[in-house]
>>> print(open('my_file-v1.csv').read())   # CSV, C-alpha atoms and all ligand atoms
chain,number,residue,atom,x,y,z
A,1009,MET,CA,100.6,109.7,90.4
A,1010,THR,CA,97.2,109.2,91.9
A,1011,GLU,CA,96.7,106.2,94.2
A,1012,ARG,CA,94.2,103.4,93.6
A,1013,LEU,CA,91.8,102.7,96.4
A,1014,ASP,CA,93.0,99.4,97.7
A,1015,ILE,CA,90.5,97.2,99.7
A,1016,GLN,CA,92.5,97.4,102.9
A,1017,GLY,CA,92.9,101.2,102.8
A,1018,MET,CA,89.2,101.6,102.0
A,1019,ARG,CA,88.2,99.3,105.0
A,1020,GLN,CA,90.4,101.5,107.3
A,1021,ALA,CA,88.9,104.7,105.9
A,1022,MET,CA,85.3,103.4,106.4
A,1023,ALA,CA,86.1,102.2,109.9
A,1024,ASN,CA,87.5,105.7,110.8
A,1025,TYR,CA,84.5,107.4,109.3
A,1026,ASN,CA,82.1,105.2,111.3
A,1027,SER,CA,83.9,105.6,114.6
A,1028,GLU,CA,85.3,109.2,114.2
A,1029,GLY,CA,83.1,110.8,111.6
A,1030,TYR,CA,85.9,111.5,109.1
A,1031,ALA,CA,88.4,109.8,106.9
A,1032,VAL,CA,91.4,110.8,104.7
A,1033,PHE,CA,92.3,109.6,101.2
A,1034,ARG,CA,95.7,110.4,99.7
A,1035,LYS,CA,96.7,111.4,96.2
A,1036,VAL,CA,93.2,111.2,94.8
A,1037,LEU,CA,93.5,113.7,92.0
A,1038,ALA,CA,96.5,114.3,89.7
A,1039,PRO,CA,98.6,117.5,89.9
A,1040,GLU,CA,97.5,118.6,86.4
A,1041,LEU,CA,93.8,118.6,87.4
A,1042,ILE,CA,94.6,120.4,90.7
A,1043,GLN,CA,96.4,123.1,88.7
A,1044,GLU,CA,93.3,123.5,86.6
A,1045,ALA,CA,91.3,123.9,89.8
A,1046,ARG,CA,93.7,126.7,90.8
A,1047,ASN,CA,93.2,128.3,87.4
A,1048,HIS,CA,89.5,128.0,87.9
A,1049,ILE,CA,89.5,129.9,91.2
A,1050,GLU,CA,91.5,132.7,89.5
A,1051,TRP,CA,89.1,132.8,86.6
A,1052,LEU,CA,86.1,132.8,89.0
A,1053,LEU,CA,87.6,135.7,91.0
A,1054,GLN,CA,88.2,137.7,87.8
A,1055,LYS,CA,84.6,137.2,86.8
A,1056,ASN,CA,83.3,138.0,90.3
A,1057,PRO,CA,85.6,140.7,91.6
A,1058,ALA,CA,83.2,141.7,94.5
A,1059,THR,CA,83.2,138.1,95.9
A,1060,ARG,CA,85.7,137.1,98.6
A,1061,PRO,CA,87.7,134.0,97.6
A,1062,GLU,CA,86.2,132.1,100.6
A,1063,GLN,CA,82.7,132.7,99.1
A,1064,LEU,CA,82.9,131.0,95.7
A,1065,HIS,CA,79.6,129.2,96.2
A,1066,HIS,CA,77.4,126.7,94.5
A,1067,PHE,CA,75.2,129.4,93.1
A,1068,LEU,CA,78.0,130.1,90.6
A,1069,MET,CA,78.2,126.6,89.2
A,1070,GLN,CA,74.9,126.1,87.3
A,1071,ASP,CA,76.5,127.2,84.0
A,1072,ASP,CA,80.2,126.2,84.7
A,1073,PRO,CA,81.4,123.2,82.7
A,1074,PHE,CA,84.7,122.9,84.5
A,1075,TRP,CA,83.1,122.9,87.9
A,1076,VAL,CA,80.8,120.0,86.9
A,1077,ARG,CA,83.7,118.2,85.3
A,1078,LEU,CA,85.7,118.4,88.5
A,1079,VAL,CA,83.0,117.2,90.9
A,1080,SER,CA,82.0,114.4,88.5
A,1081,ASP,CA,85.5,113.0,88.4
A,1082,ASP,CA,85.4,109.2,88.7
A,1083,ARG,CA,88.1,109.2,91.4
A,1084,LEU,CA,85.9,111.4,93.6
A,1085,LEU,CA,82.7,109.6,92.8
A,1086,ASP,CA,84.3,106.2,93.6
A,1087,ILE,CA,85.0,107.5,97.1
A,1088,ALA,CA,81.5,109.0,97.5
A,1089,GLU,CA,79.9,105.8,96.3
A,1090,LYS,CA,81.4,103.8,99.2
A,1091,PHE,CA,79.5,106.1,101.6
A,1092,ILE,CA,76.2,106.8,99.8
A,1093,GLY,CA,75.7,104.1,97.1
A,1094,SER,CA,76.1,104.2,93.4
A,1095,ASP,CA,73.2,106.6,92.4
A,1096,ILE,CA,74.8,109.9,93.2
A,1097,ALA,CA,73.7,113.6,92.8
A,1098,LEU,CA,75.4,116.8,93.8
A,1099,PHE,CA,73.7,119.0,96.4
A,1100,ALA,CA,76.4,121.8,96.7
A,1101,SER,CA,80.0,122.7,96.2
A,1102,HIS,CA,82.0,125.7,97.5
A,1103,TYR,CA,85.6,126.8,97.1
A,1104,ILE,CA,86.8,128.0,100.4
A,1105,ALA,CA,89.9,129.7,99.1
A,1106,LYS,CA,91.7,131.5,102.0
A,1107,PRO,CA,94.2,134.1,100.6
A,1108,PRO,CA,97.6,134.6,102.3
A,1109,LEU,CA,97.7,136.7,105.4
A,1110,GLU,CA,94.0,137.5,105.6
A,1111,GLY,CA,92.1,134.2,104.9
A,1112,GLN,CA,89.0,134.0,107.1
A,1113,ALA,CA,88.3,131.4,109.8
A,1114,VAL,CA,85.4,128.9,109.7
A,1115,LEU,CA,83.7,128.8,113.1
A,1116,TRP,CA,82.8,125.5,114.7
A,1117,HIS,CA,79.7,124.0,113.1
A,1118,GLN,CA,77.9,121.0,111.9
A,1119,ASP,CA,77.1,121.2,108.2
A,1120,GLY,CA,73.7,119.6,108.5
A,1121,THR,CA,72.5,122.6,110.6
A,1122,TYR,CA,72.4,124.7,107.5
A,1123,TRP,CA,71.1,122.3,104.9
A,1124,PRO,CA,67.5,121.7,103.5
A,1125,LEU,CA,67.9,118.0,103.0
A,1126,GLU,CA,65.5,115.2,103.8
A,1127,PRO,CA,66.7,112.8,105.0
A,1128,MET,CA,70.1,114.1,106.1
A,1129,GLU,CA,72.0,111.5,104.0
A,1130,VAL,CA,74.9,113.3,102.5
A,1131,VAL,CA,78.7,113.1,102.5
A,1132,THR,CA,81.2,115.9,102.1
A,1133,LEU,CA,84.4,115.4,100.2
A,1134,TRP,CA,86.9,118.2,100.9
A,1135,LEU,CA,89.5,118.4,98.1
A,1136,ALA,CA,92.8,120.0,99.0
A,1137,ILE,CA,93.9,122.4,96.2
A,1138,ASP,CA,97.0,123.5,98.1
A,1139,ASP,CA,98.9,121.7,100.8
A,1140,SER,CA,96.8,122.4,103.9
A,1141,ASN,CA,98.2,122.4,107.4
A,1142,CYS,CA,98.2,124.2,110.7
A,1143,GLU,CA,100.0,127.3,109.3
A,1144,ASN,CA,97.5,128.1,106.6
A,1145,GLY,CA,94.3,127.3,108.3
A,1146,CYS,CA,93.6,123.6,107.6
A,1147,MET,CA,90.3,122.0,108.6
A,1148,ARG,CA,90.0,120.8,112.2
A,1149,VAL,CA,87.5,118.3,113.5
A,1150,ILE,CA,86.3,117.1,116.9
A,1151,PRO,CA,86.4,113.4,116.4
A,1152,ALA,CA,83.4,111.2,117.1
A,1153,THR,CA,81.0,114.2,117.4
A,1154,HIS,CA,79.1,112.9,114.3
A,1155,THR,CA,77.0,110.8,116.8
A,1156,THR,CA,75.7,114.0,118.5
A,1157,ARG,CA,72.4,115.6,117.5
A,1158,LEU,CA,72.3,118.3,114.9
A,1159,LEU,CA,72.0,121.8,116.4
A,1160,SER,CA,69.4,124.1,114.9
A,1161,GLU,CA,70.4,127.5,113.4
A,1162,ASN,CA,68.9,129.3,116.4
A,1163,GLU,CA,71.2,127.5,118.8
A,1164,LEU,CA,74.2,129.0,117.1
A,1165,GLN,CA,76.0,132.3,117.9
A,1166,GLN,CA,75.5,134.9,115.2
A,1167,ARG,CA,78.8,136.4,114.2
A,1168,ASN,CA,78.0,138.5,111.2
A,1169,ASP,CA,81.0,140.7,111.6
A,1170,GLY,CA,82.3,139.9,108.1
A,1171,LYS,CA,85.4,138.3,109.6
A,1172,ASN,CA,84.5,134.6,109.2
A,1173,VAL,CA,83.2,132.5,106.4
A,1174,LEU,CA,79.8,131.3,107.7
A,1175,GLY,CA,78.6,134.3,109.9
A,1176,SER,CA,77.7,132.0,112.7
A,1177,GLY,CA,79.0,129.1,114.8
A,1178,ILE,CA,78.7,126.9,117.8
A,1179,ASP,CA,79.5,128.7,121.1
A,1180,SER,CA,83.2,127.6,121.6
A,1181,ALA,CA,82.4,127.2,125.4
A,1182,GLN,CA,80.5,124.1,124.3
A,1183,ILE,CA,83.5,122.6,122.5
A,1184,ASP,CA,86.4,120.7,124.1
A,1185,GLU,CA,89.1,122.1,121.8
A,1186,SER,CA,91.8,119.9,123.4
A,1187,LYS,CA,90.2,117.1,121.4
A,1188,ALA,CA,90.5,118.9,118.0
A,1189,VAL,CA,92.4,117.1,115.2
A,1190,ASP,CA,94.1,119.0,112.4
A,1191,ILE,CA,93.4,117.5,109.0
A,1192,ILE,CA,96.7,117.9,107.3
A,1193,LEU,CA,96.5,117.3,103.5
A,1194,ARG,CA,98.7,117.6,100.4
A,1195,ALA,CA,97.3,119.1,97.3
A,1196,GLY,CA,95.2,116.4,95.6
A,1197,ASP,CA,94.3,114.6,98.9
A,1198,VAL,CA,90.7,114.4,100.0
A,1199,SER,CA,89.1,114.2,103.4
A,1200,VAL,CA,85.6,113.0,103.9
A,1201,HIS,CA,83.2,114.1,106.7
A,1202,HIS,CA,79.8,113.4,108.1
A,1203,PRO,CA,77.1,116.1,108.2
A,1204,ASN,CA,76.9,116.0,112.1
A,1205,LEU,CA,80.7,116.2,112.7
A,1206,ILE,CA,81.7,119.4,114.5
A,1207,HIS,CA,84.5,121.0,112.5
A,1208,GLY,CA,85.9,124.4,111.5
A,1209,SER,CA,89.2,126.1,110.7
A,1210,HIS,CA,91.5,128.9,111.8
A,1211,ALA,CA,92.2,132.0,109.8
A,1212,ASN,CA,95.1,131.9,107.3
A,1213,THR,CA,97.8,134.2,108.5
A,1214,SER,CA,100.6,132.5,106.6
A,1215,SER,CA,102.1,133.8,103.3
A,1216,ARG,CA,100.6,130.9,101.3
A,1217,TRP,CA,97.1,130.3,99.9
A,1218,ARG,CA,94.9,127.6,101.5
A,1219,ARG,CA,92.4,126.7,98.8
A,1220,GLY,CA,89.9,123.8,99.3
A,1221,LEU,CA,86.8,122.6,97.5
A,1222,THR,CA,83.9,121.3,99.5
A,1223,ILE,CA,81.7,118.8,97.5
A,1224,ARG,CA,78.4,117.6,99.0
A,1225,TYR,CA,77.2,114.4,97.5
A,1226,ILE,CA,73.8,113.0,98.1
A,1227,PRO,CA,72.1,109.7,97.2
A,1228,VAL,CA,69.3,110.4,94.6
A,1229,THR,CA,66.8,109.4,97.4
A,1230,THR,CA,67.7,112.5,99.4
A,1231,ARG,CA,65.4,115.4,98.7
A,1232,ILE,CA,66.7,119.0,98.3
A,1233,VAL,CA,63.8,120.9,99.9
A,1234,THR,CA,63.8,124.2,98.0
A,1235,GLU,CA,61.1,126.0,96.1
A,1236,ASP,CA,63.1,126.5,92.9
A,1237,LEU,CA,65.6,124.3,91.1
A,1238,HIS,CA,68.7,124.3,93.3
A,1239,PRO,CA,71.5,125.8,91.2
A,1240,SER,CA,74.0,123.1,92.0
A,1241,ALA,CA,71.7,120.1,91.8
A,1242,PHE,CA,73.2,117.8,89.2
A,1243,ILE,CA,72.9,114.1,88.7
A,1244,LEU,CA,76.4,112.7,88.6
A,1245,ARG,CA,76.3,108.9,88.5
A,1246,GLY,CA,73.6,106.3,88.0
A,1247,GLN,CA,69.9,107.1,87.7
A,1248,ALA,CA,67.6,109.6,89.3
A,1249,VAL,CA,64.4,108.4,90.9
A,1250,ALA,CA,60.9,109.8,90.4
A,1251,ASN,CA,59.3,112.4,92.7
A,1252,ILE,CA,62.4,113.4,94.6
A,1253,ASN,CA,64.5,116.1,92.8
A,1254,GLN,CA,64.8,118.0,89.5
A,1255,TYR,CA,68.3,118.5,88.3
A,1256,ASN,CA,70.1,121.0,86.1
A,1257,PRO,CA,71.4,119.9,82.7
A,1258,TRP,CA,75.1,119.4,82.5
A,1259,PRO,CA,76.3,122.7,81.1
A,1260,LYS,CA,77.9,122.7,77.6
A,1261,TYR,CA,81.2,124.4,77.0
A,1262,VAL,CA,81.0,127.6,74.9
A,1263,GLU,CA,84.3,129.1,73.7
A,1264,GLY,CA,84.8,132.6,75.1
A,1265,LYS,CA,82.2,132.2,77.8
A,1266,HIS,CA,83.6,129.3,79.9
A,1267,MET,CA,87.1,128.3,81.2
A,1268,ARG,CA,88.8,126.0,78.8
A,1269,PHE,CA,90.1,122.7,80.4
A,1270,SER,CA,91.7,119.5,79.4
A,1271,GLY,CA,89.1,117.4,77.6
A,1272,THR,CA,86.9,120.4,76.5
A,1273,GLU,CA,86.7,118.9,73.0
A,1274,ARG,CA,84.8,115.8,74.3
A,1275,TRP,CA,82.9,117.6,77.1
A,1276,ASN,CA,79.7,118.5,75.1
A,1277,ILE,CA,79.3,114.9,73.9
A,1278,ARG,CA,79.5,113.7,77.5
A,1279,CYS,CA,76.9,116.4,78.5
A,1280,ASP,CA,74.5,115.1,75.7
A,1281,HIS,CA,74.8,111.5,77.0
A,1282,VAL,CA,74.2,112.4,80.7
A,1283,ASN,CA,71.4,114.8,79.9
A,1284,ALA,CA,69.6,112.3,77.6
A,1285,ALA,CA,69.9,109.5,80.1
A,1286,ASN,CA,68.1,111.6,82.8
A,1287,MET,CA,65.9,113.7,80.5
A,1288,SER,CA,62.7,113.4,82.6
A,1289,PHE,CA,64.5,114.6,85.8
A,1290,ILE,CA,66.2,117.6,84.1
A,1291,THR,CA,64.8,121.1,84.1
A,1292,ALA,CA,66.1,123.5,81.5
A,1293,CYS,CA,67.8,126.5,83.1
A,1294,LYS,CA,66.0,129.8,82.6
B,1301,LIG,O1,87.4,124.8,104.5
B,1301,LIG,C1,87.3,124.9,105.7
B,1301,LIG,O2,88.1,125.5,106.3
B,1301,LIG,C2,86.1,124.4,106.4
B,1301,LIG,C3,85.3,123.4,105.5
B,1301,LIG,C4,83.9,123.2,106.0
B,1301,LIG,O3,83.5,123.8,107.0
B,1301,LIG,C5,83.1,122.2,105.4
B,1301,LIG,O4,83.6,121.5,104.5
B,1301,LIG,O5,82.0,122.0,105.8
>>> encode(input="my_file-v1.csv", output="structure tokens")
Amino acid sequence: MTERLDIQGMRQAMANYNSEGYAVFRKVLAPELIQEARNHIEWLLQKNPATRPEQLHHFLMQDDPFWVRLVSDDRLLDIAEKFIGSDIALFASHYIAKPPLEGQAVLWHQDGTYWPLEPMEVVTLWLAIDDSNCENGCMRVIPATHTTRLLSENELQQRNDGKNVLGSGIDSAQIDESKAVDIILRAGDVSVHHPNLIHGSHANTSSRWRRGLTIRYIPVTTRIVTEDLHPSAFILRGQAVANINQYNPWPKYVEGKHMRFSGTERWNIRCDHVNAANMSFITACK
């Protein structure tokens, strides 16, 4: 059973986000959909055998109907809407799937350091696809650091040793790790964090997977500053606005090419509606 967002719970979550830079929502997605997300990771890994499971990035999603179906789920968008308003686009999404025994760490960082967004109005929802806790490398945050300035990439330590997910991070001497909070989630729960919040995660040395999906939602007024169409720019709810971004069409399901999922039969009609409603902001993929 998923849980409805009650007003009191939502108030508490918003208060925590405003004071600490993060919030947690329980039982957001149903077990059946979470199982489909696990199948999706397996399917992606089979199609991209040279890619590590921590690196299933947004550049794989342009023509992936299930991925767009997942991030456009109303239960996720209802949460995102509370933080960024009702006209919502996707900037990026990334499965950080840490395999048993050798899942890589994510060094301390602020997301906004890496992102070409103007203004930096964006919220991350982190969807737990497995139970995620201290044993298998759950996300950890330093509360209230969302009020600190964004570091630039050249203020980070480069750690391109192939042993961590991002290849760089904030010098740990600058971080008071005694303040770190472990974000312990059950599969289907969601945590939300601010782009300036300092966070990271340990390696997964346990015998279980730790799979999570990061989803970066922006209001349609946030510009994605890239030369070409960003492969994961999708309009997800409401209306785009002129002179900000171009978006990808929602990808239609093609039997034999894409992963089948519950609701595939109705998916292409939904794509037609969304694509028609935002026609002047959608660029056909090459
Ligand atoms: O999945 C993790 O361990 C880290 C997630 C993260 O860094 C992010 O969502 O920005």
>>> closest_residue(input="my_file-v1.csv", among="A:Asp1236, A:Glu1163, A:Glu1089, A:Asp1197", to="Gln1182 of chain A", atoms="all atoms listed in the file")
A:Glu1163
>>> residues_near_ligand(input="my_file-v1.csv", ligand="ligand LIG 1301 (chain B)", cutoff="6 Å", atoms="all atoms listed in the file", output="compact mmCIF listing (two decimals) with C-alpha atoms, in the frame of the given file")
# COMPACT_ATOMS: atom_id res chain seq x y z
CA ILE A 1104 86.80 128.00 100.40
CA VAL A 1114 85.40 128.90 109.70
CA ASP A 1119 77.10 121.20 108.20
CA TRP A 1134 86.90 118.20 100.90
CA CYS A 1146 93.60 123.60 107.60
CA MET A 1147 90.30 122.00 108.60
CA GLY A 1208 85.90 124.40 111.50
CA SER A 1209 89.20 126.10 110.70
CA GLY A 1220 89.90 123.80 99.30
CA THR A 1222 83.90 121.30 99.50
>>> residues_around(input="my_file-v1.csv", residues="segment 1249-1258 of chain A", least_positions_apart="5", cutoff="10 Å", atoms="all atoms listed in the file", output="ChimeraX atom specification")
/A:1070-1073,1076-1077,1095,1097-1099,1126,1228-1234,1236-1244,1275-1276,1278-1284,1286-1293
>>> atom_distance(input="my_file-v1.csv", atom1="atom CA of His1154 of chain A", atom2="atom CA of Arg1224 of chain A")
16.0 Å
>>> atom_distance(input="my_file-v1.csv", atom1="atom CA of Ile1150 of chain A", atom2="atom CA of Asp1169 of chain A")
24.8 Å
>>> residues_around(input="my_file-v1.csv", residues="Arg1148 of chain A", least_positions_apart="3", cutoff="7 Å", atoms="only C-alpha atoms", output="list in words")
Ala1188, Val1189, Asp1190, Ile1191, His1207, Gly1208 and Ser1209 of chain A
>>> write_last_selection(input="my_file-v1.csv", atoms="C-alpha atoms", output="compact mmCIF listing (two decimals), in the frame of the given file")
# COMPACT_ATOMS: atom_id res chain seq x y z
CA ALA A 1188 90.50 118.90 118.00
CA VAL A 1189 92.40 117.10 115.20
CA ASP A 1190 94.10 119.00 112.40
CA ILE A 1191 93.40 117.50 109.00
CA HIS A 1207 84.50 121.00 112.50
CA GLY A 1208 85.90 124.40 111.50
CA SER A 1209 89.20 126.10 110.70
>>> atom_distance(input="my_file-v1.csv", atom1="atom CA of Ile1087 of chain A", atom2="atom CA of Leu1115 of chain A")
26.7 Å
>>> closest_residue(input="my_file-v1.csv", among="A:Arg1219, A:Val1032, A:Gln1165, A:Gly1093", to="Pro1061 of chain A", atoms="all atoms listed in the file")
A:Arg1219
>>> closest_residue(input="my_file-v1.csv", among="A:Met1267, A:Leu1125, A:Ala1248, A:Leu1221", to="Pro1203 of chain A", atoms="all atoms listed in the file")
A:Leu1125
>>> closest_residue(input="my_file-v1.csv", among="A:Ile1092, A:Ile1206, A:Met1128, A:Leu1084", to="Ile1183 of chain A", atoms="all atoms listed in the file")
A:Ile1206
>>> residues_near_point(input="my_file-v1.csv", point="(77.9, 135.2, 114.0)", cutoff="6 Å", atoms="only C-alpha atoms", output="PDB file with C-alpha atoms, in the coordinates of the input")
ATOM      1  CA  GLN A1165      76.000 132.300 117.900  1.00  0.00           C
ATOM      2  CA  GLN A1166      75.500 134.900 115.200  1.00  0.00           C
ATOM      3  CA  ARG A1167      78.800 136.400 114.200  1.00  0.00           C
ATOM      4  CA  ASN A1168      78.000 138.500 111.200  1.00  0.00           C
ATOM      5  CA  GLY A1175      78.600 134.300 109.900  1.00  0.00           C
ATOM      6  CA  SER A1176      77.700 132.000 112.700  1.00  0.00           C
TER       7      SER A1176
END
>>> closest_atom_pairs(input="my_file-v1.csv", of="segment 1079-1156 of chain A", to="segment 1018-1025 of chain A", cutoff="12 Å", atoms="only C-alpha atoms", output="tab-separated table")
residue	atom	partner	partner_atom	distance
A:Asp1086	CA	A:Met1018	CA	10.8
A:Ile1087	CA	A:Met1018	CA	8.7
A:Ala1088	CA	A:Met1022	CA	11.2
A:Glu1089	CA	A:Met1018	CA	11.7
A:Lys1090	CA	A:Met1022	CA	8.2
A:Phe1091	CA	A:Met1022	CA	8.0
A:Ile1092	CA	A:Met1022	CA	11.7
A:Val1131	CA	A:Tyr1025	CA	10.6
A:Thr1132	CA	A:Tyr1025	CA	11.6
A:Pro1151	CA	A:Tyr1025	CA	9.5
A:Ala1152	CA	A:Tyr1025	CA	8.7
A:Thr1153	CA	A:Tyr1025	CA	11.1
A:His1154	CA	A:Tyr1025	CA	9.2
A:Thr1155	CA	A:Tyr1025	CA	11.1
>>> closest_residue(input="my_file-v1.csv", among="A:His1202, A:Lys1260, A:Arg1194, A:Arg1218", to="Arg1034 of chain A", atoms="all atoms listed in the file")
A:Arg1194
>>> decode(input="my_file-v1.csv", residues="segment 1262-1289 of chain A", atoms="N, CA and C atoms", output="mmCIF file, in the first residue's frame")
data_model
loop_
_atom_site.group_PDB
_atom_site.id
_atom_site.type_symbol
_atom_site.label_atom_id
_atom_site.label_comp_id
_atom_site.auth_asym_id
_atom_site.auth_seq_id
_atom_site.Cartn_x
_atom_site.Cartn_y
_atom_site.Cartn_z
ATOM 1 N N VAL A 1262 7.948 0.637 -28.446
ATOM 2 C CA VAL A 1262 8.049 -0.217 -29.635
ATOM 3 C C VAL A 1262 8.395 -1.626 -29.151
ATOM 4 N N GLU A 1263 7.511 -2.566 -29.480
ATOM 5 C CA GLU A 1263 7.712 -3.971 -29.072
ATOM 6 C C GLU A 1263 9.061 -4.484 -29.597
ATOM 7 N N GLY A 1264 9.797 -5.140 -28.739
ATOM 8 C CA GLY A 1264 11.082 -5.709 -29.154
ATOM 9 C C GLY A 1264 12.245 -4.740 -28.983
ATOM 10 N N LYS A 1265 11.924 -3.440 -28.855
ATOM 11 C CA LYS A 1265 13.000 -2.452 -28.709
ATOM 12 C C LYS A 1265 13.093 -1.966 -27.260
ATOM 13 N N HIS A 1266 11.928 -1.868 -26.625
ATOM 14 C CA HIS A 1266 11.874 -1.285 -25.280
ATOM 15 C C HIS A 1266 11.425 -2.312 -24.254
ATOM 16 N N MET A 1267 11.650 -1.990 -22.978
ATOM 17 C CA MET A 1267 11.180 -2.893 -21.923
ATOM 18 C C MET A 1267 9.668 -2.744 -21.772
ATOM 19 N N ARG A 1268 8.994 -3.878 -21.758
ATOM 20 C CA ARG A 1268 7.540 -3.891 -21.539
ATOM 21 C C ARG A 1268 7.259 -3.591 -20.060
ATOM 22 N N PHE A 1269 6.173 -2.905 -19.790
ATOM 23 C CA PHE A 1269 5.818 -2.597 -18.394
ATOM 24 C C PHE A 1269 4.311 -2.526 -18.263
ATOM 25 N N SER A 1270 3.835 -2.506 -17.046
ATOM 26 C CA SER A 1270 2.397 -2.475 -16.816
ATOM 27 C C SER A 1270 1.839 -1.146 -17.346
ATOM 28 N N GLY A 1271 0.871 -1.229 -18.252
ATOM 29 C CA GLY A 1271 0.315 0.007 -18.834
ATOM 30 C C GLY A 1271 0.898 0.319 -20.200
ATOM 31 N N THR A 1272 1.723 -0.592 -20.733
ATOM 32 C CA THR A 1272 2.323 -0.355 -22.051
ATOM 33 C C THR A 1272 1.245 -0.078 -23.107
ATOM 34 N N GLU A 1273 0.094 -0.780 -22.994
ATOM 35 C CA GLU A 1273 -0.953 -0.660 -24.034
ATOM 36 C C GLU A 1273 -1.465 0.772 -24.137
ATOM 37 N N ARG A 1274 -1.492 1.486 -23.008
ATOM 38 C CA ARG A 1274 -2.043 2.851 -23.019
ATOM 39 C C ARG A 1274 -0.953 3.908 -23.178
ATOM 40 N N TRP A 1275 0.310 3.475 -23.123
ATOM 41 C CA TRP A 1275 1.410 4.441 -23.051
ATOM 42 C C TRP A 1275 1.481 5.362 -24.274
ATOM 43 N N ASN A 1276 1.349 4.774 -25.485
ATOM 44 C CA ASN A 1276 1.556 5.589 -26.687
ATOM 45 C C ASN A 1276 0.494 6.680 -26.827
ATOM 46 N N ILE A 1277 -0.716 6.392 -26.323
ATOM 47 C CA ILE A 1277 -1.783 7.414 -26.376
ATOM 48 C C ILE A 1277 -1.421 8.564 -25.425
ATOM 49 N N ARG A 1278 -0.893 8.181 -24.267
ATOM 50 C CA ARG A 1278 -0.481 9.209 -23.304
ATOM 51 C C ARG A 1278 0.622 10.086 -23.906
ATOM 52 N N CYS A 1279 1.571 9.432 -24.594
ATOM 53 C CA CYS A 1279 2.660 10.186 -25.248
ATOM 54 C C CYS A 1279 2.079 11.179 -26.246
ATOM 55 N N ASP A 1280 1.111 10.720 -27.047
ATOM 56 C CA ASP A 1280 0.511 11.619 -28.054
ATOM 57 C C ASP A 1280 -0.081 12.852 -27.384
ATOM 58 N N HIS A 1281 -0.779 12.656 -26.274
ATOM 59 C CA HIS A 1281 -1.408 13.798 -25.587
ATOM 60 C C HIS A 1281 -0.366 14.784 -25.094
ATOM 61 N N VAL A 1282 0.635 14.247 -24.391
ATOM 62 C CA VAL A 1282 1.653 15.144 -23.808
ATOM 63 C C VAL A 1282 2.406 15.865 -24.927
ATOM 64 N N ASN A 1283 2.773 15.123 -25.969
ATOM 65 C CA ASN A 1283 3.573 15.728 -27.042
ATOM 66 C C ASN A 1283 2.759 16.789 -27.792
ATOM 67 N N ALA A 1284 1.453 16.515 -27.970
ATOM 68 C CA ALA A 1284 0.618 17.503 -28.677
ATOM 69 C C ALA A 1284 0.451 18.759 -27.817
ATOM 70 N N ALA A 1285 0.294 18.574 -26.509
ATOM 71 C CA ALA A 1285 0.050 19.731 -25.634
ATOM 72 C C ALA A 1285 1.257 20.659 -25.561
ATOM 73 N N ASN A 1286 2.434 20.140 -25.848
ATOM 74 C CA ASN A 1286 3.650 20.964 -25.724
ATOM 75 C C ASN A 1286 4.416 21.065 -27.045
ATOM 76 N N MET A 1287 3.675 20.920 -28.147
ATOM 77 C CA MET A 1287 4.302 20.752 -29.459
ATOM 78 C C MET A 1287 5.388 21.796 -29.752
ATOM 79 N N SER A 1288 5.123 23.068 -29.433
ATOM 80 C CA SER A 1288 6.092 24.091 -29.873
ATOM 81 C C SER A 1288 7.360 24.068 -29.010
ATOM 82 N N PHE A 1289 7.368 23.297 -27.934
ATOM 83 C CA PHE A 1289 8.576 23.240 -27.090
ATOM 84 C C PHE A 1289 9.310 21.918 -27.235
#
